[in-house]
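Structure file protein-v8.tsv (TSV, N, CA and C atoms and all ligand atoms) follows.
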chain	number	residue	atom	x	y	z
A	1	MET	N	5.68	7.41	-17.38
A	1	MET	CA	6.78	8.32	-17.69
A	1	MET	C	8.09	7.52	-17.78
A	2	ALA	N	8.92	7.89	-18.75
A	2	ALA	CA	10.18	7.17	-18.94
A	2	ALA	C	11.09	7.36	-17.73
A	3	THR	N	11.70	6.29	-17.32
A	3	THR	CA	12.62	6.35	-16.19
A	3	THR	C	14.05	6.38	-16.68
A	4	ILE	N	14.95	6.53	-15.74
A	4	ILE	CA	16.39	6.50	-16.05
A	4	ILE	C	16.75	5.14	-16.69
A	5	PHE	N	16.04	4.08	-16.31
A	5	PHE	CA	16.36	2.77	-16.88
A	5	PHE	C	15.98	2.70	-18.36
A	6	THR	N	14.89	3.36	-18.74
A	6	THR	CA	14.54	3.39	-20.17
A	6	THR	C	15.63	4.11	-20.95
A	7	ARG	N	16.16	5.16	-20.38
A	7	ARG	CA	17.24	5.89	-21.07
A	7	ARG	C	18.49	5.02	-21.19
A	8	ILE	N	18.77	4.21	-20.17
A	8	ILE	CA	19.90	3.27	-20.25
A	8	ILE	C	19.63	2.23	-21.34
A	9	ILE	N	18.41	1.68	-21.34
A	9	ILE	CA	18.05	0.64	-22.32
A	9	ILE	C	18.17	1.18	-23.74
A	10	LYS	N	17.79	2.44	-23.92
A	10	LYS	CA	17.87	3.06	-25.26
A	10	LYS	C	19.29	3.51	-25.62
A	11	GLY	N	20.22	3.40	-24.66
A	11	GLY	CA	21.59	3.81	-24.92
A	11	GLY	C	21.80	5.31	-24.84
A	12	GLU	N	20.84	6.02	-24.24
A	12	GLU	CA	20.95	7.48	-24.16
A	12	GLU	C	21.89	7.92	-23.05
A	13	ILE	N	22.05	7.07	-22.03
A	13	ILE	CA	23.05	7.36	-21.01
A	13	ILE	C	23.86	6.09	-20.79
A	14	PRO	N	25.15	6.26	-20.43
A	14	PRO	CA	26.04	5.10	-20.38
A	14	PRO	C	25.74	4.19	-19.19
A	15	SER	N	26.06	2.91	-19.39
A	15	SER	CA	25.97	1.94	-18.30
A	15	SER	C	26.82	0.75	-18.70
A	16	ASP	N	27.11	-0.08	-17.74
A	16	ASP	CA	27.92	-1.28	-17.97
A	16	ASP	C	26.97	-2.45	-18.23
A	17	ILE	N	26.58	-2.61	-19.48
A	17	ILE	CA	25.60	-3.63	-19.84
A	17	ILE	C	26.28	-4.99	-19.92
A	18	VAL	N	25.70	-5.98	-19.23
A	18	VAL	CA	26.27	-7.33	-19.23
A	18	VAL	C	25.45	-8.28	-20.08
A	19	TYR	N	24.22	-7.92	-20.41
A	19	TYR	CA	23.35	-8.80	-21.22
A	19	TYR	C	22.23	-7.96	-21.79
A	20	ARG	N	21.84	-8.28	-23.03
A	20	ARG	CA	20.63	-7.65	-23.56
A	20	ARG	C	20.03	-8.54	-24.64
A	21	ASP	N	18.71	-8.52	-24.73
A	21	ASP	CA	18.01	-9.17	-25.83
A	21	ASP	C	16.73	-8.37	-26.10
A	22	GLU	N	15.81	-8.94	-26.84
A	22	GLU	CA	14.62	-8.18	-27.23
A	22	GLU	C	13.71	-7.86	-26.03
A	23	GLN	N	13.86	-8.63	-24.96
A	23	GLN	CA	12.93	-8.48	-23.84
A	23	GLN	C	13.51	-7.80	-22.61
A	24	VAL	N	14.80	-8.02	-22.36
A	24	VAL	CA	15.41	-7.48	-21.14
A	24	VAL	C	16.79	-6.90	-21.41
A	25	THR	N	17.19	-6.01	-20.50
A	25	THR	CA	18.55	-5.48	-20.50
A	25	THR	C	19.07	-5.62	-19.07
A	26	ALA	N	20.33	-6.04	-18.93
A	26	ALA	CA	20.93	-6.18	-17.60
A	26	ALA	C	22.23	-5.39	-17.57
A	27	PHE	N	22.38	-4.62	-16.49
A	27	PHE	CA	23.58	-3.77	-16.36
A	27	PHE	C	23.97	-3.69	-14.90
A	28	ARG	N	25.23	-3.30	-14.67
A	28	ARG	CA	25.73	-3.24	-13.29
A	28	ARG	C	25.14	-2.04	-12.57
A	29	ASP	N	24.79	-2.28	-11.30
A	29	ASP	CA	24.24	-1.22	-10.46
A	29	ASP	C	25.30	-0.14	-10.24
A	30	ILE	N	24.87	1.10	-10.26
A	30	ILE	CA	25.79	2.23	-10.10
A	30	ILE	C	26.34	2.32	-8.67
A	31	GLU	N	25.62	1.75	-7.71
A	31	GLU	CA	26.07	1.72	-6.31
A	31	GLU	C	26.09	0.28	-5.83
A	32	PRO	N	27.09	-0.49	-6.30
A	32	PRO	CA	27.07	-1.94	-6.01
A	32	PRO	C	27.14	-2.24	-4.52
A	33	GLN	N	26.30	-3.18	-4.10
A	33	GLN	CA	26.27	-3.60	-2.69
A	33	GLN	C	26.88	-4.99	-2.50
A	34	ALA	N	27.49	-5.51	-3.57
A	34	ALA	CA	28.17	-6.80	-3.51
A	34	ALA	C	29.12	-6.83	-4.70
A	35	PRO	N	30.13	-7.71	-4.69
A	35	PRO	CA	31.07	-7.76	-5.82
A	35	PRO	C	30.35	-7.92	-7.17
A	36	THR	N	29.30	-8.74	-7.19
A	36	THR	CA	28.41	-8.78	-8.35
A	36	THR	C	27.09	-8.16	-7.93
A	37	HIS	N	26.69	-7.09	-8.61
A	37	HIS	CA	25.38	-6.46	-8.37
A	37	HIS	C	24.87	-5.99	-9.73
A	38	VAL	N	23.99	-6.78	-10.30
A	38	VAL	CA	23.46	-6.53	-11.64
A	38	VAL	C	21.96	-6.30	-11.53
A	39	LEU	N	21.44	-5.40	-12.35
A	39	LEU	CA	19.99	-5.15	-12.43
A	39	LEU	C	19.47	-5.74	-13.73
A	40	ILE	N	18.45	-6.56	-13.65
A	40	ILE	CA	17.82	-7.19	-14.81
A	40	ILE	C	16.48	-6.48	-15.02
A	41	VAL	N	16.36	-5.81	-16.16
A	41	VAL	CA	15.26	-4.86	-16.36
A	41	VAL	C	14.49	-5.22	-17.64
A	42	PRO	N	13.18	-5.33	-17.58
A	42	PRO	CA	12.42	-5.53	-18.82
A	42	PRO	C	12.54	-4.29	-19.71
A	43	ASN	N	12.69	-4.50	-21.00
A	43	ASN	CA	12.74	-3.34	-21.91
A	43	ASN	C	11.42	-2.60	-21.89
A	44	LYS	N	10.34	-3.34	-21.69
A	44	LYS	CA	9.01	-2.75	-21.55
A	44	LYS	C	8.91	-2.03	-20.21
A	45	GLU	N	8.28	-0.86	-20.22
A	45	GLU	CA	8.14	-0.10	-18.98
A	45	GLU	C	7.00	-0.66	-18.14
A	46	ILE	N	7.37	-1.24	-17.01
A	46	ILE	CA	6.41	-1.71	-16.00
A	46	ILE	C	6.88	-1.05	-14.71
A	47	ALA	N	6.03	-0.29	-14.05
A	47	ALA	CA	6.50	0.53	-12.93
A	47	ALA	C	6.90	-0.30	-11.72
A	48	THR	N	6.01	-1.19	-11.30
A	48	THR	CA	6.26	-1.97	-10.08
A	48	THR	C	5.68	-3.37	-10.26
A	49	VAL	N	5.95	-4.24	-9.30
A	49	VAL	CA	5.35	-5.58	-9.35
A	49	VAL	C	3.83	-5.47	-9.35
A	50	ASN	N	3.30	-4.42	-8.75
A	50	ASN	CA	1.84	-4.24	-8.74
A	50	ASN	C	1.26	-4.03	-10.13
A	51	ASP	N	2.11	-3.69	-11.08
A	51	ASP	CA	1.65	-3.43	-12.45
A	51	ASP	C	1.87	-4.62	-13.38
A	52	VAL	N	2.41	-5.71	-12.86
A	52	VAL	CA	2.61	-6.92	-13.67
A	52	VAL	C	1.24	-7.56	-13.94
A	53	THR	N	1.01	-7.96	-15.20
A	53	THR	CA	-0.26	-8.58	-15.58
A	53	THR	C	0.00	-10.00	-16.07
A	54	PRO	N	-1.04	-10.80	-16.22
A	54	PRO	CA	-0.84	-12.16	-16.74
A	54	PRO	C	-0.13	-12.17	-18.09
A	55	GLU	N	-0.30	-11.12	-18.88
A	55	GLU	CA	0.39	-11.06	-20.18
A	55	GLU	C	1.91	-10.95	-20.01
A	56	ASP	N	2.35	-10.55	-18.83
A	56	ASP	CA	3.79	-10.38	-18.57
A	56	ASP	C	4.45	-11.65	-18.04
A	57	GLU	N	3.69	-12.74	-17.91
A	57	GLU	CA	4.24	-13.92	-17.24
A	57	GLU	C	5.46	-14.49	-17.98
A	58	GLN	N	5.41	-14.51	-19.29
A	58	GLN	CA	6.57	-15.02	-20.04
A	58	GLN	C	7.78	-14.12	-19.81
A	59	LEU	N	7.54	-12.81	-19.84
A	59	LEU	CA	8.62	-11.84	-19.64
A	59	LEU	C	9.23	-11.98	-18.25
A	60	VAL	N	8.40	-12.09	-17.25
A	60	VAL	CA	8.91	-12.20	-15.87
A	60	VAL	C	9.66	-13.53	-15.70
A	61	GLY	N	9.17	-14.57	-16.30
A	61	GLY	CA	9.90	-15.84	-16.27
A	61	GLY	C	11.25	-15.71	-16.96
A	62	HIS	N	11.27	-14.99	-18.06
A	62	HIS	CA	12.51	-14.78	-18.80
A	62	HIS	C	13.54	-14.05	-17.94
A	63	MET	N	13.09	-13.14	-17.07
A	63	MET	CA	14.02	-12.44	-16.19
A	63	MET	C	14.78	-13.44	-15.32
A	64	PHE	N	14.13	-14.51	-14.90
A	64	PHE	CA	14.81	-15.54	-14.11
A	64	PHE	C	15.80	-16.33	-14.95
A	65	THR	N	15.44	-16.64	-16.17
A	65	THR	CA	16.36	-17.37	-17.05
A	65	THR	C	17.62	-16.55	-17.29
A	66	VAL	N	17.42	-15.24	-17.50
A	66	VAL	CA	18.56	-14.35	-17.71
A	66	VAL	C	19.38	-14.23	-16.42
A	67	ALA	N	18.71	-14.17	-15.28
A	67	ALA	CA	19.43	-14.11	-14.00
A	67	ALA	C	20.34	-15.33	-13.85
A	68	ARG	N	19.81	-16.47	-14.16
A	68	ARG	CA	20.59	-17.71	-14.07
A	68	ARG	C	21.82	-17.65	-14.99
A	69	LEU	N	21.64	-17.16	-16.20
A	69	LEU	CA	22.74	-17.05	-17.16
A	69	LEU	C	23.80	-16.07	-16.66
A	70	ILE	N	23.35	-14.93	-16.14
A	70	ILE	CA	24.30	-13.93	-15.65
A	70	ILE	C	25.06	-14.48	-14.44
A	71	ALA	N	24.37	-15.19	-13.55
A	71	ALA	CA	25.04	-15.79	-12.40
A	71	ALA	C	26.16	-16.72	-12.86
A	72	GLU	N	25.89	-17.50	-13.88
A	72	GLU	CA	26.93	-18.39	-14.42
A	72	GLU	C	28.07	-17.58	-15.00
A	73	ASN	N	27.74	-16.55	-15.79
A	73	ASN	CA	28.79	-15.72	-16.42
A	73	ASN	C	29.64	-15.01	-15.39
A	74	GLU	N	29.02	-14.63	-14.27
A	74	GLU	CA	29.73	-13.88	-13.22
A	74	GLU	C	30.49	-14.81	-12.28
A	75	GLY	N	30.30	-16.12	-12.44
A	75	GLY	CA	31.01	-17.09	-11.62
A	75	GLY	C	30.46	-17.25	-10.22
A	76	VAL	N	29.17	-16.92	-10.02
A	76	VAL	CA	28.58	-17.01	-8.68
A	76	VAL	C	27.49	-18.09	-8.59
A	77	ALA	N	27.28	-18.81	-9.67
A	77	ALA	CA	26.17	-19.77	-9.68
A	77	ALA	C	26.34	-20.83	-8.58
A	78	GLU	N	27.55	-21.35	-8.45
A	78	GLU	CA	27.77	-22.41	-7.46
A	78	GLU	C	27.87	-21.85	-6.05
A	79	SER	N	28.55	-20.72	-5.87
A	79	SER	CA	28.72	-20.16	-4.52
A	79	SER	C	27.40	-19.60	-3.99
A	80	GLY	N	26.58	-19.11	-4.90
A	80	GLY	CA	25.25	-18.63	-4.51
A	80	GLY	C	25.06	-17.15	-4.76
A	81	TYR	N	23.82	-16.78	-4.81
A	81	TYR	CA	23.48	-15.39	-5.10
A	81	TYR	C	22.06	-15.13	-4.62
A	82	ARG	N	21.68	-13.86	-4.64
A	82	ARG	CA	20.34	-13.47	-4.18
A	82	ARG	C	19.67	-12.65	-5.27
A	83	LEU	N	18.41	-12.97	-5.54
A	83	LEU	CA	17.58	-12.18	-6.45
A	83	LEU	C	16.57	-11.43	-5.61
A	84	LEU	N	16.40	-10.13	-5.91
A	84	LEU	CA	15.54	-9.31	-5.06
A	84	LEU	C	14.79	-8.28	-5.92
A	85	VAL	N	13.51	-8.13	-5.65
A	85	VAL	CA	12.70	-7.12	-6.34
A	85	VAL	C	12.00	-6.28	-5.27
A	86	ASN	N	12.25	-4.98	-5.29
A	86	ASN	CA	11.59	-4.07	-4.36
A	86	ASN	C	10.30	-3.53	-4.96
A	87	CYS	N	9.29	-3.34	-4.13
A	87	CYS	CA	8.03	-2.76	-4.60
A	87	CYS	C	7.57	-1.67	-3.63
A	88	ASN	N	7.58	-0.45	-4.14
A	88	ASN	CA	7.00	0.70	-3.43
A	88	ASN	C	7.72	1.07	-2.13
A	89	ARG	N	7.06	1.86	-1.35
A	89	ARG	CA	7.67	2.61	-0.24
A	89	ARG	C	8.32	1.74	0.82
A	90	ASP	N	7.61	0.76	1.32
A	90	ASP	CA	8.16	-0.02	2.43
A	90	ASP	C	9.36	-0.84	2.02
A	91	ALA	N	9.54	-1.05	0.73
A	91	ALA	CA	10.72	-1.79	0.24
A	91	ALA	C	11.80	-0.84	-0.28
A	92	ASN	N	11.58	0.47	-0.12
A	92	ASN	CA	12.55	1.47	-0.59
A	92	ASN	C	12.79	1.41	-2.09
A	93	GLN	N	11.75	1.11	-2.88
A	93	GLN	CA	11.94	1.15	-4.33
A	93	GLN	C	12.28	2.58	-4.75
A	94	GLU	N	13.37	2.72	-5.49
A	94	GLU	CA	13.85	4.05	-5.89
A	94	GLU	C	13.54	4.35	-7.36
A	95	VAL	N	13.64	3.34	-8.19
A	95	VAL	CA	13.41	3.54	-9.63
A	95	VAL	C	12.14	2.78	-10.01
A	96	PHE	N	11.16	3.52	-10.54
A	96	PHE	CA	9.86	2.92	-10.81
A	96	PHE	C	9.79	2.37	-12.23
A	97	HIS	N	10.69	1.43	-12.43
A	97	HIS	CA	10.74	0.61	-13.65
A	97	HIS	C	11.18	-0.76	-13.13
A	98	LEU	N	10.28	-1.72	-13.23
A	98	LEU	CA	10.53	-3.05	-12.65
A	98	LEU	C	11.96	-3.52	-12.89
A	99	HIS	N	12.59	-4.03	-11.85
A	99	HIS	CA	13.95	-4.57	-12.01
A	99	HIS	C	14.22	-5.60	-10.93
A	100	MET	N	15.04	-6.57	-11.31
A	100	MET	CA	15.46	-7.62	-10.39
A	100	MET	C	16.95	-7.39	-10.09
A	101	HIS	N	17.27	-7.27	-8.80
A	101	HIS	CA	18.68	-7.19	-8.39
A	101	HIS	C	19.26	-8.60	-8.35
A	102	LEU	N	20.49	-8.75	-8.82
A	102	LEU	CA	21.24	-10.00	-8.63
A	102	LEU	C	22.50	-9.64	-7.83
A	103	PHE	N	22.57	-10.16	-6.59
A	103	PHE	CA	23.72	-9.92	-5.72
A	103	PHE	C	24.52	-11.21	-5.59
A	104	GLY	N	25.84	-11.12	-5.61
A	104	GLY	CA	26.65	-12.31	-5.38
A	104	GLY	C	28.11	-11.93	-5.18
A	105	GLY	N	28.92	-12.96	-4.93
A	105	GLY	CA	30.36	-12.75	-4.80
A	105	GLY	C	30.83	-12.57	-3.38
A	106	ARG	N	29.91	-12.60	-2.44
A	106	ARG	CA	30.29	-12.59	-1.02
A	106	ARG	C	29.15	-13.26	-0.24
A	107	GLN	N	29.44	-13.58	1.02
A	107	GLN	CA	28.40	-14.10	1.90
A	107	GLN	C	27.41	-12.95	2.15
A	108	LEU	N	26.17	-13.15	1.79
A	108	LEU	CA	25.20	-12.05	1.77
A	108	LEU	C	24.46	-11.85	3.09
A	109	GLY	N	24.64	-12.75	4.01
A	109	GLY	CA	24.02	-12.56	5.32
A	109	GLY	C	22.53	-12.86	5.30
A	110	PRO	N	21.85	-12.53	6.41
A	110	PRO	CA	20.43	-12.83	6.49
A	110	PRO	C	19.63	-12.00	5.48
A	111	MET	N	18.45	-12.48	5.18
A	111	MET	CA	17.67	-11.86	4.11
A	111	MET	C	17.27	-10.41	4.44
A	112	LEU	N	16.91	-10.18	5.69
A	112	LEU	CA	16.53	-8.84	6.11
A	112	LEU	C	17.34	-8.45	7.34
A	113	ALA	N	17.65	-7.14	7.46
A	113	ALA	CA	18.32	-6.67	8.67
A	113	ALA	C	17.40	-6.91	9.85
A	114	ARG	N	17.98	-7.41	10.94
A	114	ARG	CA	17.15	-7.68	12.11
A	114	ARG	C	16.98	-6.41	12.93
A	115	ARG	N	15.77	-6.22	13.42
A	115	ARG	CA	15.51	-5.01	14.22
A	115	ARG	C	15.73	-5.32	15.68
B	201	LIG	P1	15.57	-0.04	-6.08
B	201	LIG	O1	15.72	0.52	-4.68
B	201	LIG	O2	15.23	-1.50	-6.06
B	201	LIG	O3	14.63	0.80	-6.92
B	201	LIG	O4	17.02	0.06	-6.73
B	201	LIG	C1	17.38	0.95	-7.71
B	201	LIG	C2	18.84	0.70	-8.02
B	201	LIG	O5	19.14	1.39	-9.21
B	201	LIG	C3	19.80	1.21	-6.95
B	201	LIG	O6	20.52	0.10	-6.41
B	201	LIG	C4	20.75	2.15	-7.70
B	201	LIG	C5	20.48	1.83	-9.16
B	201	LIG	N1	20.58	2.96	-10.04
B	201	LIG	C6	19.90	4.14	-9.92
B	201	LIG	N2	20.24	4.96	-10.94
B	201	LIG	C7	21.12	4.28	-11.72
B	201	LIG	C8	21.81	4.60	-12.92
B	201	LIG	O7	21.69	5.68	-13.49
B	201	LIG	N3	22.65	3.64	-13.43
B	201	LIG	C9	22.80	2.42	-12.82
B	201	LIG	N4	23.65	1.55	-13.41
B	201	LIG	N5	22.16	2.09	-11.69
B	201	LIG	C10	21.33	3.00	-11.14

Show this structure as structure tokens.
Ligand code: DGP
Amino acid sequence: MATIFTRIIKGEIPSDIVYRDEQVTAFRDIEPQAPTHVLIVPNKEIATVNDVTPEDEQLVGHMFTVARLIAENEGVAESGYRLLVNCNRDANQEVFHLHMHLFGGRQLGPMLARR
């Protein structure tokens, strides 16, 4: 089923797009958790990491190349940034269309909140 991200990719609802090509679209998160918070989304609908297949390896690799480019464009490449992909319930995945978060622009702290 089409997600909100497919509608963004198709231009049916507005978003702040920072990069797009034939394979991926990247736009700013609607609820930013850092000065730079961009979502890198495959144009192809893949629900979760569990649905990634060997045929998607080039596409998934391309998401990293695009992340690197966006980090440079956003001016966070040298200071550092975090790439994060949530999968299913225990990771609080909210939108079931594969996406990579790019966070940067501040000290991001430890990788996970400590219990
Ligand atoms: P995740 O928990 O990994 O599924 O994160 C989903 C992210 O998507 C969350 O940080 C908020 C963002 N988001 C949800 N709906 C929209 C939207 O309509 N526009 C934009 N730009 N971001 C959205």

(request) Please check which protein, DNA or RNA residues sit within 7 Å of ligand LIG 201 (chain B), counting all atoms listed in the file, and write them as a ChimeraX atom specification. (result) /A:4-5,14-16,27-32,84-87,91-97,99,101

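Take atom C of Ile70 of chain A and atom CA of Val38 of chain A: the distance between them is 8.6 Å.
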
Taking (10.8, -6.7, -23.2) in the file's coordinates as the center, which residues reach within 7 Å of it, counting only C-alpha atoms, put as a tab-separated table (two decimals) with N, CA and C atoms, keeping the file's coordinate frame?
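Now in part17.tsv:
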chain	number	residue	atom	x	y	z
A	22	GLU	N	15.81	-8.94	-26.84
A	22	GLU	CA	14.62	-8.18	-27.23
A	22	GLU	C	13.71	-7.86	-26.03
A	23	GLN	N	13.86	-8.63	-24.96
A	23	GLN	CA	12.93	-8.48	-23.84
A	23	GLN	C	13.51	-7.80	-22.61
A	24	VAL	N	14.80	-8.02	-22.36
A	24	VAL	CA	15.41	-7.48	-21.14
A	24	VAL	C	16.79	-6.90	-21.41
A	42	PRO	N	13.18	-5.33	-17.58
A	42	PRO	CA	12.42	-5.53	-18.82
A	42	PRO	C	12.54	-4.29	-19.71
A	43	ASN	N	12.69	-4.50	-21.00
A	43	ASN	CA	12.74	-3.34	-21.91
A	43	ASN	C	11.42	-2.60	-21.89
A	44	LYS	N	10.34	-3.34	-21.69
A	44	LYS	CA	9.01	-2.75	-21.55
A	44	LYS	C	8.91	-2.03	-20.21
A	59	LEU	N	7.54	-12.81	-19.84
A	59	LEU	CA	8.62	-11.84	-19.64
A	59	LEU	C	9.23	-11.98	-18.25

(request) Kindly indicate which residue among A:Leu98, A:Val18, A:Ala2, A:Leu83 lies nearest to Val49 of chain A, using all atoms listed in the file for the distances. (result)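 Smallest separation from Val49 of chain A among the options: A:Leu98.
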
(request) In Å, rounded to a single decimal, give me how far atom CA of Glu78 of chain A is from atom CA of Pro35 of chain A. (result) 15.1 Å

(request) Work out how far atom CA of Leu69 of chain A is from atom CA of Gly104 of chain A, in Å to one decimal. (result) 13.3 Å

(request) Find the residue from A:Thr25, A:Thr53, A:Gln107, A:Gln33 that sits nearest to Val76 of chain A; use only C-alpha atoms when measuring. (result)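 Among the listed residues, the smallest separation from Val76 of chain A belongs to A:Gln107.
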
(message) Can you pull out every residue from chain A that DSSP, working from the backbone, puts in strand (DSSP E or B), and format the result as a ChimeraX atom specification?
(response) /A:17-20,24-28,36-42,81-84,100-104

(message) Residues of chain A classed as helix (DSSP H, G or I) by DSSP on the backbone are to be reported as JSON, numbers by chain.
(response) {"A": [4, 5, 6, 7, 8, 9, 49, 50, 51, 54, 55, 56, 57, 58, 59, 60, 61, 62, 63, 64, 65, 66, 67, 68, 69, 70, 71, 72, 73, 74, 89, 90, 91]}

(message) Could you check the closest approach to Ile17 of chain A for each of A:Leu39, A:Glu74, A:Ala47, A:Ala34 and tell me which residue wins, using only C-alpha atoms?
(response) A:Leu39

Output requested as a tab-separated table (two decimals), in the frame of the given file - segment 43-51 of chain A, filled out with all heavy atoms.
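Result saved to out_38.tsv:
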chain	number	residue	atom	x	y	z
A	43	ASN	N	12.69	-4.50	-21.00
A	43	ASN	CA	12.74	-3.34	-21.91
A	43	ASN	C	11.42	-2.60	-21.89
A	43	ASN	O	11.38	-1.38	-22.04
A	43	ASN	CB	13.09	-3.81	-23.32
A	43	ASN	CG	14.48	-4.43	-23.39
A	43	ASN	OD1	15.33	-4.18	-22.53
A	43	ASN	ND2	14.71	-5.24	-24.41
A	44	LYS	N	10.34	-3.34	-21.69
A	44	LYS	CA	9.01	-2.75	-21.55
A	44	LYS	C	8.91	-2.03	-20.21
A	44	LYS	O	9.38	-2.53	-19.19
A	44	LYS	CB	7.99	-3.90	-21.60
A	44	LYS	CG	6.58	-3.54	-21.30
A	44	LYS	CD	5.69	-4.79	-21.30
A	44	LYS	CE	4.27	-4.45	-20.89
A	44	LYS	NZ	3.42	-5.65	-20.82
A	45	GLU	N	8.28	-0.86	-20.22
A	45	GLU	CA	8.14	-0.10	-18.98
A	45	GLU	C	7.00	-0.66	-18.14
A	45	GLU	O	5.83	-0.57	-18.51
A	45	GLU	CB	7.90	1.37	-19.29
A	45	GLU	CG	9.15	2.08	-19.76
A	45	GLU	CD	8.88	3.49	-20.22
A	45	GLU	OE1	7.74	3.97	-20.09
A	45	GLU	OE2	9.83	4.10	-20.72
A	46	ILE	N	7.37	-1.24	-17.01
A	46	ILE	CA	6.41	-1.71	-16.00
A	46	ILE	C	6.88	-1.05	-14.71
A	46	ILE	O	8.04	-1.20	-14.34
A	46	ILE	CB	6.45	-3.25	-15.86
A	46	ILE	CG1	6.12	-3.94	-17.19
A	46	ILE	CG2	5.51	-3.70	-14.75
A	46	ILE	CD1	6.35	-5.45	-17.17
A	47	ALA	N	6.03	-0.29	-14.05
A	47	ALA	CA	6.50	0.53	-12.93
A	47	ALA	C	6.90	-0.30	-11.72
A	47	ALA	O	7.98	-0.12	-11.14
A	47	ALA	CB	5.44	1.56	-12.56
A	48	THR	N	6.01	-1.19	-11.30
A	48	THR	CA	6.26	-1.97	-10.08
A	48	THR	C	5.68	-3.37	-10.26
A	48	THR	O	4.96	-3.64	-11.23
A	48	THR	CB	5.58	-1.35	-8.83
A	48	THR	OG1	4.19	-1.68	-8.84
A	48	THR	CG2	5.74	0.16	-8.78
A	49	VAL	N	5.95	-4.24	-9.30
A	49	VAL	CA	5.35	-5.58	-9.35
A	49	VAL	C	3.83	-5.47	-9.35
A	49	VAL	O	3.14	-6.31	-9.96
A	49	VAL	CB	5.84	-6.43	-8.15
A	49	VAL	CG1	5.12	-7.77	-8.12
A	49	VAL	CG2	7.34	-6.64	-8.20
A	50	ASN	N	3.30	-4.42	-8.75
A	50	ASN	CA	1.84	-4.24	-8.74
A	50	ASN	C	1.26	-4.03	-10.13
A	50	ASN	O	0.05	-4.17	-10.32
A	50	ASN	CB	1.46	-3.03	-7.87
A	50	ASN	CG	1.72	-3.25	-6.40
A	50	ASN	OD1	1.84	-4.39	-5.96
A	50	ASN	ND2	1.83	-2.18	-5.65
A	51	ASP	N	2.11	-3.69	-11.08
A	51	ASP	CA	1.65	-3.43	-12.45
A	51	ASP	C	1.87	-4.62	-13.38
A	51	ASP	O	1.58	-4.52	-14.57
A	51	ASP	CB	2.37	-2.19	-13.00
A	51	ASP	CG	2.09	-0.98	-12.13
A	51	ASP	OD1	0.93	-0.55	-12.08
A	51	ASP	OD2	3.03	-0.49	-11.46
